[in-house]
Amino acid sequence: MKLYGMAQSRSFRALWALEESGLAYDYVPVKLLTDPAAPDSAQNPDYLALNVQGKVPTLVDGDLILTESAAIVNYIGRAAPAANLIPRDDTTLMARYDELLFFILAELEQPLWSNGKHRFALPEAQRIPQMLETAKFEFAKAIKTLDHLLGDGQYAIGDTFTMADILLAQTFNWAIRFQFDVPEHYVALRERHYARPAAQRALQVIA
């Protein structure tokens, strides 16, 4: 497997997943907003042939190319069943896992990316400053829903660490970096999961 990524973008969750899985992989750093002629640019024609959006992450495994981070972590989890990173053989746990992943992507992460787009990612003429307050409102609303989706256990789903924990921890890391109001128990969740050896190894890869 070959993973193309950049720092602590969404590609970090895929890198962390690879470290948790024990699968062999190569990591290829990609730079955004750089000269397309540069070989490591996300706008280089060679990279655009893999990911037409010029974004990260991109996972290549043989003839398979994946460019959505949640699909990538699920593929990694299925490729390493012994690591137990996604629920198997229990339809209830599988359903709860799916629900939580979709919620993280659609509701919890969305206002964070809206914040990022309207602060630095979009061309300045397309930014709407009022969106920043809307993003805070939406994030707070998503937090209340998340409190109902999660149980009192150490992990998001069942009694083992899964890809859902990676997505949650990285999303809260993003929220903390963007200075959103993150409840202390979710700050603690981020700290607990980022202390895992696999997360620390992944951080060393991008250091």
# chains A, B, ... in the order shown; residues from 1 in each chain; ligands from 1
>>> closest_atom_pairs(of="stretch 26-112 of chain A", to="stretch 174-198 of chain A", cutoff="10 Å", atoms="only C-alpha atoms", output="CSV")
residue,atom,partner,partner_atom,distance
A:Leu108,CA,A:Ala175,CA,9.5
A:Glu109,CA,A:Ala175,CA,8.5
A:Pro111,CA,A:Ala175,CA,9.4
A:Leu112,CA,A:Ala175,CA,6.5
>>> select_by_dssp(residues="stretch 15-155 of chain A", states="alpha helix (DSSP H)", output="JSON, numbers by chain")
{"A": [15, 16, 17, 18, 19, 20, 21, 45, 46, 47, 48, 69, 70, 71, 72, 73, 74, 75, 76, 77, 78, 79, 91, 92, 93, 94, 95, 96, 97, 98, 99, 100, 101, 102, 103, 110, 111, 112, 113, 114, 115, 116, 131, 132, 133, 134, 135, 136, 137, 138, 139, 140, 141, 142, 143, 144, 145, 146, 147, 148, 149]}
>>> residues_around(residues="A:Met163", least_positions_apart="5", cutoff="10 Å", atoms="only C-alpha atoms", output="list in words")
Arg13, Ala14, Trp16, Ala17, Glu20, Ala70, Val73, Asn74, Ile76, Gly77, Asn84, Leu85, Ile86, Pro87, Tyr97, Leu101, Ala156, Ile157, Leu168 and Ala169 of chain A
>>> write_last_selection(atoms="C-alpha atoms", output="mmCIF file, in the first residue's frame")
data_model
loop_
_atom_site.group_PDB
_atom_site.id
_atom_site.type_symbol
_atom_site.label_atom_id
_atom_site.label_comp_id
_atom_site.auth_asym_id
_atom_site.auth_seq_id
_atom_site.Cartn_x
_atom_site.Cartn_y
_atom_site.Cartn_z
ATOM 1 C CA ARG A 13 -6.363 9.349 10.186
ATOM 2 C CA ALA A 14 -5.389 7.014 7.347
ATOM 3 C CA TRP A 16 -2.762 6.284 12.026
ATOM 4 C CA ALA A 17 -5.023 3.480 10.801
ATOM 5 C CA GLU A 20 -2.739 0.390 14.073
ATOM 6 C CA ALA A 70 -13.407 7.167 5.760
ATOM 7 C CA VAL A 73 -9.729 3.607 6.993
ATOM 8 C CA ASN A 74 -12.487 1.062 6.451
ATOM 9 C CA ILE A 76 -7.453 -0.767 5.916
ATOM 10 C CA GLY A 77 -9.568 -2.268 8.684
ATOM 11 C CA ASN A 84 -10.168 -5.747 15.084
ATOM 12 C CA LEU A 85 -10.359 -2.127 13.937
ATOM 13 C CA ILE A 86 -13.894 -2.417 12.559
ATOM 14 C CA PRO A 87 -16.764 -4.465 14.021
ATOM 15 C CA TYR A 97 -20.211 1.902 13.865
ATOM 16 C CA LEU A 101 -18.768 7.343 11.205
ATOM 17 C CA ALA A 156 -16.704 4.618 20.825
ATOM 18 C CA ILE A 157 -18.072 1.226 19.782
ATOM 19 C CA LEU A 168 -13.243 11.029 16.818
ATOM 20 C CA ALA A 169 -9.797 11.729 18.251
#
>>> atom_distance(atom1="atom CA of A:Phe12", atom2="atom CA of A:Gln126")
27.4 Å
>>> closest_residue(among="A:Asp165, A:Tyr4, A:Gly153, A:Lys117", to="A:Asp40", atoms="only C-alpha atoms")
A:Tyr4
>>> select_by_dssp(residues="stretch 19-207 of chain A", states="strand (DSSP E or B)", output="PDB file with N, CA and C atoms, in the first residue's frame")
ATOM      1  N   ASP A  26       3.982   2.455   2.310  1.00  0.00           N
ATOM      2  CA  ASP A  26       4.895   3.555   2.023  1.00  0.00           C
ATOM      3  C   ASP A  26       4.108   4.849   2.159  1.00  0.00           C
ATOM      4  N   TYR A  27       4.742   5.842   2.777  1.00  0.00           N
ATOM      5  CA  TYR A  27       4.096   7.145   2.941  1.00  0.00           C
ATOM      6  C   TYR A  27       4.771   8.159   2.037  1.00  0.00           C
ATOM      7  N   VAL A  28       3.955   8.870   1.248  1.00  0.00           N
ATOM      8  CA  VAL A  28       4.480   9.852   0.301  1.00  0.00           C
ATOM      9  C   VAL A  28       3.927  11.233   0.675  1.00  0.00           C
ATOM     10  N   PRO A  29       4.785  12.147   1.175  1.00  0.00           N
ATOM     11  CA  PRO A  29       4.306  13.495   1.514  1.00  0.00           C
ATOM     12  C   PRO A  29       3.892  14.277   0.270  1.00  0.00           C
ATOM     13  N   LYS A  31       2.382  18.228  -0.990  1.00  0.00           N
ATOM     14  CA  LYS A  31       2.238  19.623  -0.593  1.00  0.00           C
ATOM     15  C   LYS A  31       1.093  20.264  -1.372  1.00  0.00           C
ATOM     16  N   SER A  41       3.952  18.276  -5.528  1.00  0.00           N
ATOM     17  CA  SER A  41       2.785  19.148  -5.495  1.00  0.00           C
ATOM     18  C   SER A  41       1.501  18.351  -5.728  1.00  0.00           C
ATOM     19  N   THR A  58      -4.721  10.065  -0.461  1.00  0.00           N
ATOM     20  CA  THR A  58      -4.943   9.104  -1.533  1.00  0.00           C
ATOM     21  C   THR A  58      -4.259   7.809  -1.131  1.00  0.00           C
ATOM     22  N   LEU A  59      -4.989   6.704  -1.202  1.00  0.00           N
ATOM     23  CA  LEU A  59      -4.422   5.387  -0.939  1.00  0.00           C
ATOM     24  C   LEU A  59      -4.389   4.601  -2.238  1.00  0.00           C
ATOM     25  N   VAL A  60      -3.235   4.018  -2.534  1.00  0.00           N
ATOM     26  CA  VAL A  60      -3.079   3.171  -3.713  1.00  0.00           C
ATOM     27  C   VAL A  60      -2.678   1.787  -3.238  1.00  0.00           C
ATOM     28  N   ASP A  61      -3.447   0.796  -3.646  1.00  0.00           N
ATOM     29  CA  ASP A  61      -3.144  -0.595  -3.317  1.00  0.00           C
ATOM     30  C   ASP A  61      -3.358  -1.418  -4.579  1.00  0.00           C
ATOM     31  N   LEU A  64      -6.216  -0.497  -7.064  1.00  0.00           N
ATOM     32  CA  LEU A  64      -7.238   0.243  -6.334  1.00  0.00           C
ATOM     33  C   LEU A  64      -6.715   1.607  -5.913  1.00  0.00           C
ATOM     34  N   ILE A  65      -7.519   2.645  -6.160  1.00  0.00           N
ATOM     35  CA  ILE A  65      -7.206   3.999  -5.713  1.00  0.00           C
ATOM     36  C   ILE A  65      -8.401   4.519  -4.929  1.00  0.00           C
ATOM     37  N   LEU A  66      -8.163   4.959  -3.691  1.00  0.00           N
ATOM     38  CA  LEU A  66      -9.210   5.525  -2.851  1.00  0.00           C
ATOM     39  C   LEU A  66      -8.802   6.936  -2.437  1.00  0.00           C
TER      40      LEU A  66
END
>>> residues_around(residues="A:Asp63", least_positions_apart="6", cutoff="12 Å", atoms="only C-alpha atoms", output="PyMOL selection string")
chain A and resi 1-2+50
>>> closest_residue(among="A:Ala199, A:Ile128, A:Val56, A:Ala140", to="A:Ser21", atoms="only C-alpha atoms")
A:Ala199
>>> closest_residue(among="A:Pro36, A:Ile72, A:Pro45, A:His148", to="A:Phe103", atoms="only C-alpha atoms")
A:His148
>>> atom_distance(atom1="atom CA of A:Ser9", atom2="atom CA of A:Gln204")
14.7 Å
>>> atom_distance(atom1="atom CA of A:Gly54", atom2="atom CA of A:Gln130")
27.7 Å
>>> decode(residues="stretch 125-166 of chain A", atoms="N, CA and C atoms", output="PDB file, in the first residue's frame")
ATOM      1  N   ALA A 125     -12.101  36.262  -1.796  1.00  0.00           N
ATOM      2  CA  ALA A 125     -13.365  36.839  -2.256  1.00  0.00           C
ATOM      3  C   ALA A 125     -14.555  35.927  -1.973  1.00  0.00           C
ATOM      4  N   GLN A 126     -14.305  34.641  -1.751  1.00  0.00           N
ATOM      5  CA  GLN A 126     -15.379  33.675  -1.513  1.00  0.00           C
ATOM      6  C   GLN A 126     -15.628  33.414  -0.029  1.00  0.00           C
ATOM      7  N   ARG A 127     -14.856  34.022   0.845  1.00  0.00           N
ATOM      8  CA  ARG A 127     -15.013  33.774   2.281  1.00  0.00           C
ATOM      9  C   ARG A 127     -16.144  34.617   2.854  1.00  0.00           C
ATOM     10  N   ILE A 128     -16.894  34.021   3.781  1.00  0.00           N
ATOM     11  CA  ILE A 128     -17.998  34.708   4.444  1.00  0.00           C
ATOM     12  C   ILE A 128     -17.691  34.712   5.947  1.00  0.00           C
ATOM     13  N   PRO A 129     -17.230  35.831   6.498  1.00  0.00           N
ATOM     14  CA  PRO A 129     -16.849  35.872   7.922  1.00  0.00           C
ATOM     15  C   PRO A 129     -17.957  35.431   8.870  1.00  0.00           C
ATOM     16  N   GLN A 130     -19.213  35.702   8.505  1.00  0.00           N
ATOM     17  CA  GLN A 130     -20.331  35.328   9.378  1.00  0.00           C
ATOM     18  C   GLN A 130     -20.448  33.811   9.553  1.00  0.00           C
ATOM     19  N   MET A 131     -19.847  33.043   8.622  1.00  0.00           N
ATOM     20  CA  MET A 131     -19.888  31.586   8.719  1.00  0.00           C
ATOM     21  C   MET A 131     -19.151  31.069   9.946  1.00  0.00           C
ATOM     22  N   LEU A 132     -18.222  31.855  10.470  1.00  0.00           N
ATOM     23  CA  LEU A 132     -17.427  31.390  11.604  1.00  0.00           C
ATOM     24  C   LEU A 132     -18.296  31.191  12.844  1.00  0.00           C
ATOM     25  N   GLU A 133     -19.224  32.130  13.075  1.00  0.00           N
ATOM     26  CA  GLU A 133     -20.136  31.973  14.207  1.00  0.00           C
ATOM     27  C   GLU A 133     -21.130  30.848  13.964  1.00  0.00           C
ATOM     28  N   THR A 134     -21.571  30.695  12.726  1.00  0.00           N
ATOM     29  CA  THR A 134     -22.475  29.595  12.385  1.00  0.00           C
ATOM     30  C   THR A 134     -21.794  28.251  12.639  1.00  0.00           C
ATOM     31  N   ALA A 135     -20.520  28.161  12.297  1.00  0.00           N
ATOM     32  CA  ALA A 135     -19.777  26.917  12.511  1.00  0.00           C
ATOM     33  C   ALA A 135     -19.704  26.570  13.988  1.00  0.00           C
ATOM     34  N   LYS A 136     -19.489  27.571  14.829  1.00  0.00           N
ATOM     35  CA  LYS A 136     -19.444  27.314  16.272  1.00  0.00           C
ATOM     36  C   LYS A 136     -20.795  26.802  16.770  1.00  0.00           C
ATOM     37  N   PHE A 137     -21.866  27.398  16.275  1.00  0.00           N
ATOM     38  CA  PHE A 137     -23.221  26.964  16.652  1.00  0.00           C
ATOM     39  C   PHE A 137     -23.457  25.514  16.238  1.00  0.00           C
ATOM     40  N   GLU A 138     -23.080  25.186  14.994  1.00  0.00           N
ATOM     41  CA  GLU A 138     -23.299  23.831  14.492  1.00  0.00           C
ATOM     42  C   GLU A 138     -22.450  22.815  15.247  1.00  0.00           C
ATOM     43  N   PHE A 139     -21.236  23.187  15.599  1.00  0.00           N
ATOM     44  CA  PHE A 139     -20.363  22.266  16.331  1.00  0.00           C
ATOM     45  C   PHE A 139     -20.939  21.978  17.718  1.00  0.00           C
ATOM     46  N   ALA A 140     -21.398  23.007  18.401  1.00  0.00           N
ATOM     47  CA  ALA A 140     -21.986  22.820  19.729  1.00  0.00           C
ATOM     48  C   ALA A 140     -23.218  21.922  19.656  1.00  0.00           C
ATOM     49  N   LYS A 141     -24.012  22.089  18.619  1.00  0.00           N
ATOM     50  CA  LYS A 141     -25.188  21.230  18.432  1.00  0.00           C
ATOM     51  C   LYS A 141     -24.779  19.783  18.191  1.00  0.00           C
ATOM     52  N   ALA A 142     -23.729  19.588  17.387  1.00  0.00           N
ATOM     53  CA  ALA A 142     -23.249  18.231  17.117  1.00  0.00           C
ATOM     54  C   ALA A 142     -22.706  17.568  18.375  1.00  0.00           C
ATOM     55  N   ILE A 143     -22.066  18.346  19.243  1.00  0.00           N
ATOM     56  CA  ILE A 143     -21.543  17.808  20.498  1.00  0.00           C
ATOM     57  C   ILE A 143     -22.670  17.239  21.355  1.00  0.00           C
ATOM     58  N   LYS A 144     -23.781  17.943  21.419  1.00  0.00           N
ATOM     59  CA  LYS A 144     -24.915  17.460  22.217  1.00  0.00           C
ATOM     60  C   LYS A 144     -25.438  16.131  21.679  1.00  0.00           C
ATOM     61  N   THR A 145     -25.480  16.015  20.361  1.00  0.00           N
ATOM     62  CA  THR A 145     -25.924  14.759  19.759  1.00  0.00           C
ATOM     63  C   THR A 145     -24.917  13.648  20.026  1.00  0.00           C
ATOM     64  N   LEU A 146     -23.646  13.972  19.910  1.00  0.00           N
ATOM     65  CA  LEU A 146     -22.610  12.967  20.152  1.00  0.00           C
ATOM     66  C   LEU A 146     -22.694  12.417  21.571  1.00  0.00           C
ATOM     67  N   ASP A 147     -23.013  13.264  22.537  1.00  0.00           N
ATOM     68  CA  ASP A 147     -23.160  12.804  23.923  1.00  0.00           C
ATOM     69  C   ASP A 147     -24.201  11.694  24.027  1.00  0.00           C
ATOM     70  N   HIS A 148     -25.222  11.732  23.178  1.00  0.00           N
ATOM     71  CA  HIS A 148     -26.264  10.701  23.192  1.00  0.00           C
ATOM     72  C   HIS A 148     -25.845   9.463  22.405  1.00  0.00           C
ATOM     73  N   LEU A 149     -25.005   9.645  21.387  1.00  0.00           N
ATOM     74  CA  LEU A 149     -24.583   8.502  20.570  1.00  0.00           C
ATOM     75  C   LEU A 149     -23.555   7.633  21.271  1.00  0.00           C
ATOM     76  N   LEU A 150     -22.711   8.270  22.089  1.00  0.00           N
ATOM     77  CA  LEU A 150     -21.654   7.525  22.761  1.00  0.00           C
ATOM     78  C   LEU A 150     -22.129   7.005  24.114  1.00  0.00           C
ATOM     79  N   GLY A 151     -21.627   5.845  24.486  1.00  0.00           N
ATOM     80  CA  GLY A 151     -21.911   5.298  25.807  1.00  0.00           C
ATOM     81  C   GLY A 151     -20.900   5.804  26.815  1.00  0.00           C
ATOM     82  N   ASP A 152     -20.797   5.106  27.931  1.00  0.00           N
ATOM     83  CA  ASP A 152     -19.878   5.496  28.996  1.00  0.00           C
ATOM     84  C   ASP A 152     -18.568   4.722  28.957  1.00  0.00           C
ATOM     85  N   GLY A 153     -18.397   3.891  27.936  1.00  0.00           N
ATOM     86  CA  GLY A 153     -17.193   3.073  27.878  1.00  0.00           C
ATOM     87  C   GLY A 153     -15.966   3.850  27.431  1.00  0.00           C
ATOM     88  N   GLN A 154     -14.847   3.155  27.417  1.00  0.00           N
ATOM     89  CA  GLN A 154     -13.586   3.775  27.034  1.00  0.00           C
ATOM     90  C   GLN A 154     -13.514   4.029  25.532  1.00  0.00           C
ATOM     91  N   TYR A 155     -14.245   3.206  24.776  1.00  0.00           N
ATOM     92  CA  TYR A 155     -14.175   3.303  23.325  1.00  0.00           C
ATOM     93  C   TYR A 155     -15.523   3.679  22.728  1.00  0.00           C
ATOM     94  N   ALA A 156     -15.493   4.129  21.483  1.00  0.00           N
ATOM     95  CA  ALA A 156     -16.704   4.618  20.825  1.00  0.00           C
ATOM     96  C   ALA A 156     -17.718   3.513  20.575  1.00  0.00           C
ATOM     97  N   ILE A 157     -17.214   2.356  20.150  1.00  0.00           N
ATOM     98  CA  ILE A 157     -18.072   1.226  19.782  1.00  0.00           C
ATOM     99  C   ILE A 157     -17.608  -0.026  20.512  1.00  0.00           C
ATOM    100  N   GLY A 158     -18.478  -0.622  21.286  1.00  0.00           N
ATOM    101  CA  GLY A 158     -18.112  -1.865  21.974  1.00  0.00           C
ATOM    102  C   GLY A 158     -16.988  -1.653  22.976  1.00  0.00           C
ATOM    103  N   ASP A 159     -16.174  -2.695  23.149  1.00  0.00           N
ATOM    104  CA  ASP A 159     -15.121  -2.639  24.166  1.00  0.00           C
ATOM    105  C   ASP A 159     -13.726  -2.706  23.575  1.00  0.00           C
ATOM    106  N   THR A 160     -13.597  -2.350  22.281  1.00  0.00           N
ATOM    107  CA  THR A 160     -12.281  -2.339  21.641  1.00  0.00           C
ATOM    108  C   THR A 160     -12.100  -1.052  20.842  1.00  0.00           C
ATOM    109  N   PHE A 161     -10.847  -0.683  20.636  1.00  0.00           N
ATOM    110  CA  PHE A 161     -10.497   0.487  19.833  1.00  0.00           C
ATOM    111  C   PHE A 161     -10.801   0.203  18.371  1.00  0.00           C
ATOM    112  N   THR A 162     -11.478   1.137  17.715  1.00  0.00           N
ATOM    113  CA  THR A 162     -11.834   0.967  16.304  1.00  0.00           C
ATOM    114  C   THR A 162     -11.481   2.229  15.520  1.00  0.00           C
ATOM    115  N   MET A 163     -11.728   2.151  14.220  1.00  0.00           N
ATOM    116  CA  MET A 163     -11.516   3.310  13.365  1.00  0.00           C
ATOM    117  C   MET A 163     -12.377   4.488  13.801  1.00  0.00           C
ATOM    118  N   ALA A 164     -13.518   4.230  14.426  1.00  0.00           N
ATOM    119  CA  ALA A 164     -14.363   5.322  14.920  1.00  0.00           C
ATOM    120  C   ALA A 164     -13.625   6.148  15.958  1.00  0.00           C
ATOM    121  N   ASP A 165     -12.798   5.499  16.775  1.00  0.00           N
ATOM    122  CA  ASP A 165     -12.014   6.227  17.773  1.00  0.00           C
ATOM    123  C   ASP A 165     -10.960   7.101  17.106  1.00  0.00           C
ATOM    124  N   ILE A 166     -10.372   6.614  16.017  1.00  0.00           N
ATOM    125  CA  ILE A 166      -9.398   7.417  15.280  1.00  0.00           C
ATOM    126  C   ILE A 166     -10.074   8.669  14.735  1.00  0.00           C
TER     127      ILE A 166
END
